[in-house]
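Trainee: Have a look at this one before I ask anything.
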Amino acid sequence: MEQLKHECGVAMIRLLKPLDYYQRKYGTWMYGLNKLYLMMEKQHNRGQEGAGMACVKLDTMPGNEYMFREKAEGANAITEIFKNAQKGFAALTPTQIADPMYAKDNLAFAGEIYMGHLRYSTTGKSGLKYVHPFLRRNNWKAKNLCLCGNFNMTNIDEIFDKITAMGQCPRIYSDSYIMLEWMGHRLDREVERNFDYAKELGLSGTDITDYIDKNVNMSNVLKTTMPDFDGGYVVCGLTGSGEMFSMRDPWGIRPAFYFINDEIAVLASERPVLQTTFDLECDDIKELQPGHALIVNKDGNARIEKILDQRGDAACSFERIYFSRGSDRDIYQERKMLGELLTPQILKAVNYDVDHTVFSFIPNTAEVAYYGMLRGFKEYLNEEKIKEIESLGHYPSHDELKAILNKYVRSEKVAWKDIKLRTFITEGNSRNDLASHVYDVTYEVLEPGIDNLVIIDDSIVRGTTLRESIIKILDRLHPKKIILVSSAPQIRYPDYYGIDMARLEEFIAFRACIELLKERGMHPLIDEIYHRCLAEMKKPKSDMQCCVKALYKPFTVNELNNKMVEMLRPNGVTTPIEIVFQSIEGLHKAIPNHHGDWYFTGDYPTPGGMKLVNQAFINYIEKVYQFQKKF
């Protein structure tokens, strides 16, 4: 019930026809710019800390700008950057604004290639300089590089050491800037390779420039840079000479979808974005495969090329549970299945008393799983009705049938989220009091002391909102029992591939585990795992294992659940509470094609992930020692 900051969103459009084609067919040369705006707004859920866009004009004459960029911070960043991009349009005559040649010669962002980015920080770094896209300038068109992406790299220290050893001196220590410098360096070498070859062909002057612009091969740049990176990523870029590219990580962690026809080549982080923006069918759109890149050259020739061999099958399951838009055909069905598969566990929690149970959901992202949960209970109730009718032993009367068939699954809109009252409050007690009123309830939708209340969420991560607000609010209805349901399994391990949950102590499951170990006198296990993590850090990264997994082995899921309830129960709340989590088996049954589950299992797909989770436990223990001097 806590909002997670997470993967960013990307959008790219390459117009494959001249601007006057779109003016004639669609009534505006701004077709590409308008579509970029729609693609970014449709992915607003993926980033509200900042947004940026870039544009490249093809075939400009020297002395004229050909790469344009706008960036802004804040929840309204998309509106701001597009407003700035069209600054000055109001002063134009209707004839001028409708003239694609005038626009191409006189207006910024009247180009053929567009790239957009929405940002959520997962590193704690903020400020306009961290908002994508990033731009590396040069007087040679082909050496200009603009870069953005949905990524988090786990080995940035190694890449930093590599490029500084070569003589580079990056201005900022972040994966985005370091990737820009490393890729820019290899782009320089690709341009120089073409320069030398053009000289061998006997070309000179601007003929060499034209040759370079037409023959830069971005796959060479990608093949000499991306093998060094460990992490989850979709990296997108433009060059001043007109190359456009997007590459997906070889583990398939981060998603990307594309569509190509004779008018456009487009790419986005989510499939429904392309469907809605370009009025496409689901099957028209293709998923960019792990290790592959979409590359469109200056002449508009689009291709899919394998850059790296696939290294794993770790497509992010959290994308399907929480982050991506639920309007995707497959994601919608997967989320419903996640809810439906929880039926047996919930039945047990309510002691099979469906007649006296009310079902609801918090927050809105859990709504689809809620529908699946209702479907599961409807099927259960129908089977019970059939058994009851069959057990009558005689032809049922009208009243008997009516009594049986009138049994139904009771669903209500129980919780309502109000405005964030605490944004302007700094004093601790006042803020906590206001936080408890972020949600409100629909009163008298259940019978106090008799009806159970089942509330489904997509995931339970930190538990803060549950403790500070949700449980207190739900308790006002005086249910017989509160059952908190998570459509995701227990989140036990940090993410290092683009989701804002990098510290172990953030997770209520981890904190519950530590408390159980302390209560049961199992402190030596904590110390043992700490020293095992230290030993792992001395190994080659490729040989490291996740030592933190051993922490959970002494306990069953139910033992951890019960401890979580104890820790989350607010003072004064005496209503029985039970937590039900999705099982790992249920996760994979509902989402069979996305096997990335490291947040639940500790099975990290890359060596960098293994290293960082061990380091996270070391950091946690050393912080505890610093303040407590003992466990």
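For the structure tokens, the naming scheme is as follows: chains receive sequential letters (A, B, ...) according to their order of presentation, residues are indexed from 1 within each chain, and ligands are indexed from 1 in presentation order.
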List the neighbours of Thr357 (chain A) out to 7 Å using only C-alpha atoms; skip same-chain residues closer than 2 positions along the sequence, and give me the result as an mmCIF file with C-alpha atoms, in the first residue's frame.
Mentor:
data_model
loop_
_atom_site.group_PDB
_atom_site.id
_atom_site.type_symbol
_atom_site.label_atom_id
_atom_site.label_comp_id
_atom_site.auth_asym_id
_atom_site.auth_seq_id
_atom_site.Cartn_x
_atom_site.Cartn_y
_atom_site.Cartn_z
ATOM 1 C CA ASP A 353 -17.423 -18.454 6.278
ATOM 2 C CA VAL A 354 -18.082 -16.712 2.945
ATOM 3 C CA ASP A 355 -21.563 -15.627 4.037
ATOM 4 C CA PHE A 359 -14.159 -8.276 0.081
ATOM 5 C CA ARG A 410 -20.108 -9.692 -0.807
ATOM 6 C CA ASP A 451 -18.411 -10.011 9.289
ATOM 7 C CA ASN A 452 -14.806 -10.640 8.276
ATOM 8 C CA LEU A 453 -13.080 -8.014 6.119
#
Trainee: I'd like the contact shell of region 7-15 of chain A - 8 Å cut-off, only C-alpha atoms, skipping same-chain residues fewer than 5 positions apart - returned as a PyMOL selection string.
Mentor: chain A and resi 32+36+39-40+43-44+46-47+112-120+148-151+236+244+263-269+296+300+323+498-499
Trainee: Between A:Leu405, A:Ile514, A:Val565, A:Ala85, which one has atoms that come closest to Gly463 (chain A), using only C-alpha atoms?
Mentor: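 Checking each of A:Leu405, A:Ile514, A:Val565, A:Ala85 against Gly463 (chain A), counting only C-alpha atoms, the winner is A:Val565.
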Trainee: Per DSSP on the backbone, what are the alpha helix (DSSP H) residues of region 463-513 of chain A, as a ChimeraX atom specification?
Mentor: /A:464-465,471-475,508-513
Trainee: Quick one: everything within 8 Å of Pro255 (chain A), counting only C-alpha atoms, minus sequence neighbours fewer than 6 positions away in the same chain. Send it as a PyMOL selection string.
Mentor: chain A and resi 234+248+269-270+287-288+315
Trainee: Save the residues we just selected, all heavy atoms, as a compact mmCIF listing (two decimals), in the first residue's frame?
Mentor:
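Writing the result to part.txt gives the following:
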# COMPACT_ATOMS: atom_id res chain seq x y z
N VAL A 234 16.94 -0.76 -20.58
CA VAL A 234 16.59 -0.46 -21.96
C VAL A 234 17.24 0.89 -22.23
O VAL A 234 16.83 1.90 -21.67
CB VAL A 234 15.07 -0.39 -22.19
CG1 VAL A 234 14.77 0.12 -23.60
CG2 VAL A 234 14.43 -1.76 -21.98
N ARG A 248 17.93 -3.70 -25.31
CA ARG A 248 17.43 -4.33 -24.08
C ARG A 248 18.51 -5.22 -23.48
O ARG A 248 19.29 -5.87 -24.20
CB ARG A 248 16.20 -5.17 -24.40
CG ARG A 248 15.49 -5.73 -23.18
CD ARG A 248 14.30 -6.56 -23.56
NE ARG A 248 13.56 -7.04 -22.39
CZ ARG A 248 12.61 -7.95 -22.43
NH1 ARG A 248 12.27 -8.50 -23.59
NH2 ARG A 248 12.00 -8.33 -21.33
N SER A 269 8.10 1.61 -23.39
CA SER A 269 8.32 0.67 -22.30
C SER A 269 7.15 -0.29 -22.12
O SER A 269 7.30 -1.35 -21.53
CB SER A 269 8.56 1.41 -20.98
OG SER A 269 9.76 2.13 -21.02
N GLU A 270 5.96 0.10 -22.63
CA GLU A 270 4.78 -0.74 -22.43
C GLU A 270 3.99 -0.86 -23.72
O GLU A 270 3.89 0.10 -24.50
CB GLU A 270 3.89 -0.14 -21.32
CG GLU A 270 4.59 -0.06 -19.98
CD GLU A 270 3.65 0.36 -18.87
OE1 GLU A 270 2.44 0.08 -18.97
OE2 GLU A 270 4.14 0.97 -17.89
N GLU A 287 7.78 -7.51 -28.99
CA GLU A 287 8.63 -7.26 -27.81
C GLU A 287 10.08 -7.35 -28.23
O GLU A 287 10.48 -8.30 -28.90
CB GLU A 287 8.33 -8.27 -26.71
CG GLU A 287 9.09 -7.99 -25.42
CD GLU A 287 8.65 -8.85 -24.26
OE1 GLU A 287 7.81 -9.76 -24.47
OE2 GLU A 287 9.14 -8.63 -23.15
N LEU A 288 10.86 -6.36 -27.85
CA LEU A 288 12.29 -6.39 -28.12
C LEU A 288 12.91 -7.50 -27.26
O LEU A 288 12.74 -7.51 -26.05
CB LEU A 288 12.93 -5.04 -27.79
CG LEU A 288 14.38 -4.82 -28.25
CD1 LEU A 288 14.48 -4.90 -29.77
CD2 LEU A 288 14.89 -3.47 -27.76
N ALA A 315 12.87 -11.74 -17.00
CA ALA A 315 11.94 -10.62 -17.18
C ALA A 315 11.25 -10.32 -15.86
O ALA A 315 10.77 -11.23 -15.16
CB ALA A 315 10.93 -10.97 -18.26
Trainee: Which neighbours of Gly376 (chain A) fall inside 12 Å, counting only C-alpha atoms, when residues of the same chain fewer than 5 positions from it are skipped, and could you give them as an mmCIF file with all heavy atoms, in the first residue's frame?
Mentor:
data_model
loop_
_atom_site.group_PDB
_atom_site.id
_atom_site.type_symbol
_atom_site.label_atom_id
_atom_site.label_comp_id
_atom_site.auth_asym_id
_atom_site.auth_seq_id
_atom_site.Cartn_x
_atom_site.Cartn_y
_atom_site.Cartn_z
ATOM 1 N N LYS A 336 -5.455 -10.845 -12.633
ATOM 2 C CA LYS A 336 -6.667 -11.535 -12.198
ATOM 3 C C LYS A 336 -6.328 -12.926 -11.670
ATOM 4 O O LYS A 336 -6.858 -13.350 -10.634
ATOM 5 C CB LYS A 336 -7.665 -11.634 -13.349
ATOM 6 C CG LYS A 336 -8.392 -10.335 -13.659
ATOM 7 C CD LYS A 336 -9.446 -10.507 -14.745
ATOM 8 C CE LYS A 336 -10.632 -11.293 -14.246
ATOM 9 N NZ LYS A 336 -11.705 -11.374 -15.267
ATOM 10 N N MET A 337 -5.430 -13.612 -12.345
ATOM 11 C CA MET A 337 -5.051 -14.955 -11.901
ATOM 12 C C MET A 337 -4.344 -14.897 -10.551
ATOM 13 O O MET A 337 -4.544 -15.773 -9.696
ATOM 14 C CB MET A 337 -4.162 -15.618 -12.946
ATOM 15 C CG MET A 337 -3.738 -17.040 -12.594
ATOM 16 S SD MET A 337 -5.139 -18.164 -12.376
ATOM 17 C CE MET A 337 -5.704 -18.317 -14.071
ATOM 18 N N LEU A 338 -3.513 -13.881 -10.320
ATOM 19 C CA LEU A 338 -2.858 -13.729 -9.025
ATOM 20 C C LEU A 338 -3.893 -13.651 -7.902
ATOM 21 O O LEU A 338 -3.717 -14.253 -6.839
ATOM 22 C CB LEU A 338 -1.985 -12.469 -9.015
ATOM 23 C CG LEU A 338 -0.659 -12.529 -9.770
ATOM 24 C CD1 LEU A 338 -0.058 -11.136 -9.903
ATOM 25 C CD2 LEU A 338 0.329 -13.471 -9.090
ATOM 26 N N GLY A 339 -4.953 -12.902 -8.143
ATOM 27 C CA GLY A 339 -6.003 -12.800 -7.136
ATOM 28 C C GLY A 339 -6.774 -14.093 -6.969
ATOM 29 O O GLY A 339 -7.071 -14.519 -5.844
ATOM 30 N N GLU A 340 -7.095 -14.735 -8.069
ATOM 31 C CA GLU A 340 -7.887 -15.964 -8.016
ATOM 32 C C GLU A 340 -7.146 -17.083 -7.297
ATOM 33 O O GLU A 340 -7.753 -17.856 -6.533
ATOM 34 C CB GLU A 340 -8.240 -16.395 -9.437
ATOM 35 C CG GLU A 340 -9.152 -17.612 -9.502
ATOM 36 C CD GLU A 340 -9.575 -17.947 -10.916
ATOM 37 O OE1 GLU A 340 -9.262 -17.174 -11.839
ATOM 38 O OE2 GLU A 340 -10.224 -18.994 -11.102
ATOM 39 N N LEU A 341 -5.840 -17.177 -7.518
ATOM 40 C CA LEU A 341 -5.071 -18.260 -6.919
ATOM 41 C C LEU A 341 -4.966 -18.161 -5.401
ATOM 42 O O LEU A 341 -4.569 -19.117 -4.736
ATOM 43 C CB LEU A 341 -3.659 -18.295 -7.529
ATOM 44 C CG LEU A 341 -3.585 -18.759 -8.990
ATOM 45 C CD1 LEU A 341 -2.169 -18.595 -9.531
ATOM 46 C CD2 LEU A 341 -4.028 -20.209 -9.116
ATOM 47 N N LEU A 342 -5.329 -17.014 -4.844
ATOM 48 C CA LEU A 342 -5.280 -16.841 -3.395
ATOM 49 C C LEU A 342 -6.532 -17.368 -2.692
ATOM 50 O O LEU A 342 -6.599 -17.381 -1.465
ATOM 51 C CB LEU A 342 -5.097 -15.353 -3.064
ATOM 52 C CG LEU A 342 -3.695 -14.786 -3.358
ATOM 53 C CD1 LEU A 342 -3.746 -13.275 -3.454
ATOM 54 C CD2 LEU A 342 -2.711 -15.231 -2.289
ATOM 55 N N THR A 343 -7.502 -17.805 -3.473
ATOM 56 C CA THR A 343 -8.787 -18.235 -2.895
ATOM 57 C C THR A 343 -8.642 -19.270 -1.779
ATOM 58 O O THR A 343 -9.228 -19.091 -0.694
ATOM 59 C CB THR A 343 -9.716 -18.773 -4.004
ATOM 60 O OG1 THR A 343 -9.872 -17.763 -5.011
ATOM 61 C CG2 THR A 343 -11.080 -19.145 -3.452
ATOM 62 N N PRO A 344 -7.895 -20.365 -1.966
ATOM 63 C CA PRO A 344 -7.806 -21.373 -0.893
ATOM 64 C C PRO A 344 -7.250 -20.819 0.416
ATOM 65 O O PRO A 344 -7.746 -21.148 1.499
ATOM 66 C CB PRO A 344 -6.887 -22.440 -1.487
ATOM 67 C CG PRO A 344 -7.008 -22.274 -2.964
ATOM 68 C CD PRO A 344 -7.175 -20.806 -3.179
ATOM 69 N N GLN A 345 -6.221 -19.963 0.326
ATOM 70 C CA GLN A 345 -5.621 -19.403 1.534
ATOM 71 C C GLN A 345 -6.584 -18.461 2.255
ATOM 72 O O GLN A 345 -6.655 -18.448 3.483
ATOM 73 C CB GLN A 345 -4.330 -18.652 1.189
ATOM 74 C CG GLN A 345 -3.197 -19.539 0.680
ATOM 75 C CD GLN A 345 -2.046 -18.694 0.139
ATOM 76 O OE1 GLN A 345 -1.897 -18.520 -1.059
ATOM 77 N NE2 GLN A 345 -1.224 -18.183 1.038
ATOM 78 N N ILE A 346 -7.309 -17.667 1.476
ATOM 79 C CA ILE A 346 -8.261 -16.739 2.093
ATOM 80 C C ILE A 346 -9.423 -17.501 2.723
ATOM 81 O O ILE A 346 -9.895 -17.153 3.816
ATOM 82 C CB ILE A 346 -8.771 -15.717 1.053
ATOM 83 C CG1 ILE A 346 -7.601 -14.928 0.456
ATOM 84 C CG2 ILE A 346 -9.768 -14.757 1.698
ATOM 85 C CD1 ILE A 346 -7.977 -14.065 -0.735
ATOM 86 N N LEU A 347 -9.889 -18.544 2.037
ATOM 87 C CA LEU A 347 -10.960 -19.375 2.610
ATOM 88 C C LEU A 347 -10.563 -19.906 3.984
ATOM 89 O O LEU A 347 -11.356 -19.888 4.932
ATOM 90 C CB LEU A 347 -11.273 -20.547 1.671
ATOM 91 C CG LEU A 347 -12.247 -20.266 0.526
ATOM 92 C CD1 LEU A 347 -12.223 -21.410 -0.469
ATOM 93 C CD2 LEU A 347 -13.661 -20.063 1.079
ATOM 94 N N VAL A 354 -17.937 -17.694 4.020
ATOM 95 C CA VAL A 354 -18.082 -16.712 2.945
ATOM 96 C C VAL A 354 -19.305 -15.828 3.182
ATOM 97 O O VAL A 354 -19.315 -14.649 2.820
ATOM 98 C CB VAL A 354 -18.178 -17.424 1.572
ATOM 99 C CG1 VAL A 354 -18.328 -16.408 0.442
ATOM 100 C CG2 VAL A 354 -16.948 -18.298 1.342
ATOM 101 N N PHE A 359 -15.406 -8.374 0.830
ATOM 102 C CA PHE A 359 -14.159 -8.276 0.081
ATOM 103 C C PHE A 359 -13.997 -6.865 -0.484
ATOM 104 O O PHE A 359 -14.948 -6.267 -0.996
ATOM 105 C CB PHE A 359 -14.160 -9.279 -1.083
ATOM 106 C CG PHE A 359 -14.237 -10.713 -0.651
ATOM 107 C CD1 PHE A 359 -15.474 -11.319 -0.433
ATOM 108 C CD2 PHE A 359 -13.097 -11.459 -0.455
ATOM 109 C CE1 PHE A 359 -15.554 -12.644 -0.032
ATOM 110 C CE2 PHE A 359 -13.160 -12.779 -0.054
ATOM 111 C CZ PHE A 359 -14.395 -13.375 0.162
ATOM 112 N N ALA A 369 -6.421 -7.541 -9.464
ATOM 113 C CA ALA A 369 -6.254 -8.738 -8.631
ATOM 114 C C ALA A 369 -7.518 -8.985 -7.798
ATOM 115 O O ALA A 369 -7.896 -10.142 -7.540
ATOM 116 C CB ALA A 369 -5.038 -8.588 -7.728
ATOM 117 N N TYR A 370 -8.158 -7.917 -7.386
ATOM 118 C CA TYR A 370 -9.415 -8.002 -6.644
ATOM 119 C C TYR A 370 -10.493 -8.696 -7.473
ATOM 120 O O TYR A 370 -11.212 -9.577 -6.978
ATOM 121 C CB TYR A 370 -9.828 -6.584 -6.258
ATOM 122 C CG TYR A 370 -11.244 -6.407 -5.778
ATOM 123 C CD1 TYR A 370 -11.649 -6.869 -4.532
ATOM 124 C CD2 TYR A 370 -12.170 -5.723 -6.570
ATOM 125 C CE1 TYR A 370 -12.951 -6.667 -4.084
ATOM 126 C CE2 TYR A 370 -13.461 -5.515 -6.124
ATOM 127 C CZ TYR A 370 -13.848 -5.991 -4.887
ATOM 128 O OH TYR A 370 -15.122 -5.788 -4.447
ATOM 129 N N TYR A 371 -10.580 -8.340 -8.760
ATOM 130 C CA TYR A 371 -11.556 -9.006 -9.620
ATOM 131 C C TYR A 371 -11.252 -10.500 -9.743
ATOM 132 O O TYR A 371 -12.164 -11.328 -9.766
ATOM 133 C CB TYR A 371 -11.561 -8.372 -11.011
ATOM 134 C CG TYR A 371 -12.067 -6.948 -11.036
ATOM 135 C CD1 TYR A 371 -11.457 -5.992 -11.847
ATOM 136 C CD2 TYR A 371 -13.149 -6.557 -10.258
ATOM 137 C CE1 TYR A 371 -11.916 -4.682 -11.882
ATOM 138 C CE2 TYR A 371 -13.605 -5.254 -10.277
ATOM 139 C CZ TYR A 371 -12.985 -4.311 -11.088
ATOM 140 O OH TYR A 371 -13.445 -3.018 -11.113
ATOM 141 N N LEU A 381 -18.177 -20.601 -4.533
ATOM 142 C CA LEU A 381 -19.550 -20.546 -4.044
ATOM 143 C C LEU A 381 -20.503 -21.315 -4.970
ATOM 144 O O LEU A 381 -21.433 -21.987 -4.505
ATOM 145 C CB LEU A 381 -19.995 -19.090 -3.918
ATOM 146 C CG LEU A 381 -21.117 -18.789 -2.908
ATOM 147 C CD1 LEU A 381 -20.779 -19.326 -1.530
ATOM 148 C CD2 LEU A 381 -21.373 -17.284 -2.850
ATOM 149 N N ASN A 382 -20.256 -21.239 -6.272
ATOM 150 C CA ASN A 382 -21.092 -21.997 -7.213
ATOM 151 C C ASN A 382 -20.972 -23.497 -6.977
ATOM 152 O O ASN A 382 -21.967 -24.235 -7.026
ATOM 153 C CB ASN A 382 -20.712 -21.662 -8.653
ATOM 154 C CG ASN A 382 -21.240 -20.309 -9.088
ATOM 155 O OD1 ASN A 382 -22.177 -19.783 -8.487
ATOM 156 N ND2 ASN A 382 -20.642 -19.754 -10.126
ATOM 157 N N GLU A 383 -19.742 -23.955 -6.721
ATOM 158 C CA GLU A 383 -19.548 -25.375 -6.428
ATOM 159 C C GLU A 383 -20.270 -25.770 -5.143
ATOM 160 O O GLU A 383 -20.865 -26.851 -5.053
ATOM 161 C CB GLU A 383 -18.053 -25.694 -6.318
ATOM 162 C CG GLU A 383 -17.299 -25.679 -7.634
ATOM 163 C CD GLU A 383 -17.806 -26.741 -8.597
ATOM 164 O OE1 GLU A 383 -18.108 -27.860 -8.133
ATOM 165 O OE2 GLU A 383 -17.926 -26.443 -9.804
ATOM 166 N N VAL A 409 -21.055 -13.514 -3.205
ATOM 167 C CA VAL A 409 -19.802 -12.959 -2.693
ATOM 168 C C VAL A 409 -20.023 -11.477 -2.434
ATOM 169 O O VAL A 409 -20.368 -10.712 -3.344
ATOM 170 C CB VAL A 409 -18.656 -13.162 -3.714
ATOM 171 C CG1 VAL A 409 -17.359 -12.591 -3.168
ATOM 172 C CG2 VAL A 409 -18.501 -14.631 -4.050
#
Trainee: Could you name the residues that touch Asp597 (chain A) at 8 Å or less, counting only C-alpha atoms, but leaving out those on the same chain fewer than 6 positions away, as a ChimeraX atom specification?
Mentor: /A:314,316-318,603-604
Trainee: Could you turn the residues from that selection into a file that holds N, CA and C atoms, as a PDB file, in the first residue's frame?
Mentor:
ATOM      1  N   ALA A 314      15.039 -13.522 -17.162  1.00  0.00           N
ATOM      2  CA  ALA A 314      14.712 -12.879 -15.886  1.00  0.00           C
ATOM      3  C   ALA A 314      13.827 -11.658 -16.075  1.00  0.00           C
ATOM      4  N   CYS A 316      11.178  -9.053 -15.499  1.00  0.00           N
ATOM      5  CA  CYS A 316      10.726  -8.615 -14.177  1.00  0.00           C
ATOM      6  C   CYS A 316       9.265  -8.970 -13.929  1.00  0.00           C
ATOM      7  N   SER A 317       9.009  -9.790 -12.919  1.00  0.00           N
ATOM      8  CA  SER A 317       7.632 -10.139 -12.571  1.00  0.00           C
ATOM      9  C   SER A 317       6.923  -8.983 -11.873  1.00  0.00           C
ATOM     10  N   PHE A 318       7.684  -8.092 -11.241  1.00  0.00           N
ATOM     11  CA  PHE A 318       7.068  -6.947 -10.577  1.00  0.00           C
ATOM     12  C   PHE A 318       6.431  -6.000 -11.600  1.00  0.00           C
ATOM     13  N   ASP A 603      17.154 -14.997  -5.829  1.00  0.00           N
ATOM     14  CA  ASP A 603      17.853 -15.557  -6.990  1.00  0.00           C
ATOM     15  C   ASP A 603      18.121 -14.446  -8.002  1.00  0.00           C
ATOM     16  N   TYR A 604      19.186 -13.701  -7.785  1.00  0.00           N
ATOM     17  CA  TYR A 604      19.515 -12.568  -8.655  1.00  0.00           C
ATOM     18  C   TYR A 604      20.048 -13.060  -9.995  1.00  0.00           C
TER      19      TYR A 604
END
Trainee: Excluding same-chain residues fewer than 3 positions from Gln582 (chain A), what lies within 6 Å of it counting only C-alpha atoms, as a PyMOL selection string?
Mentor: chain A and resi 487-489
Trainee: Listing only residues of region 223-298 of chain A within 9 Å of region 309-312 of chain A, what is the closest atom pair and its distance in Å (to one decimal) for each, using only C-alpha atoms, sorted by chain and residue number ascending, as CSV?
Mentor:
residue,atom,partner,partner_atom,distance
A:Asp249,CA,A:Gln310,CA,8.4
A:Pro250,CA,A:Gln310,CA,4.6
A:Trp251,CA,A:Gly312,CA,4.4
A:Gly252,CA,A:Gly312,CA,7.2
A:Ile253,CA,A:Gly312,CA,8.9
A:Gln289,CA,A:Gln310,CA,8.6
A:Pro290,CA,A:Gln310,CA,5.8
A:Gly291,CA,A:Gln310,CA,5.5
A:His292,CA,A:Asp309,CA,8.4
Trainee: Suppose you want the space between CA of Asp457 (chain A) and CA of Trp416 (chain A); what is it in Å?
Mentor: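 These two atoms are separated by 13.8 Å.
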Trainee: Per DSSP on the backbone, filter region 233-325 of chain A down to the residues in strand (DSSP E) and report them as a ChimeraX atom specification.
Mentor: /A:233-239,244-248,257-260,264-268,286-287,292-296,302-306
Trainee: Which polymer residues have any atom within 7 Å of an atom of region 527-534 of chain A, counting only C-alpha atoms, with same-chain residues fewer than 2 positions away left out, as a ChimeraX atom specification?
Mentor: /A:523-525,536-537,547-548,614,617-618
Trainee: From the options A:Arg137, A:Leu58, A:Ile591, A:Ala366, which residue's atoms come nearest to His185 (chain A), counting only C-alpha atoms?
Mentor: A:Arg137
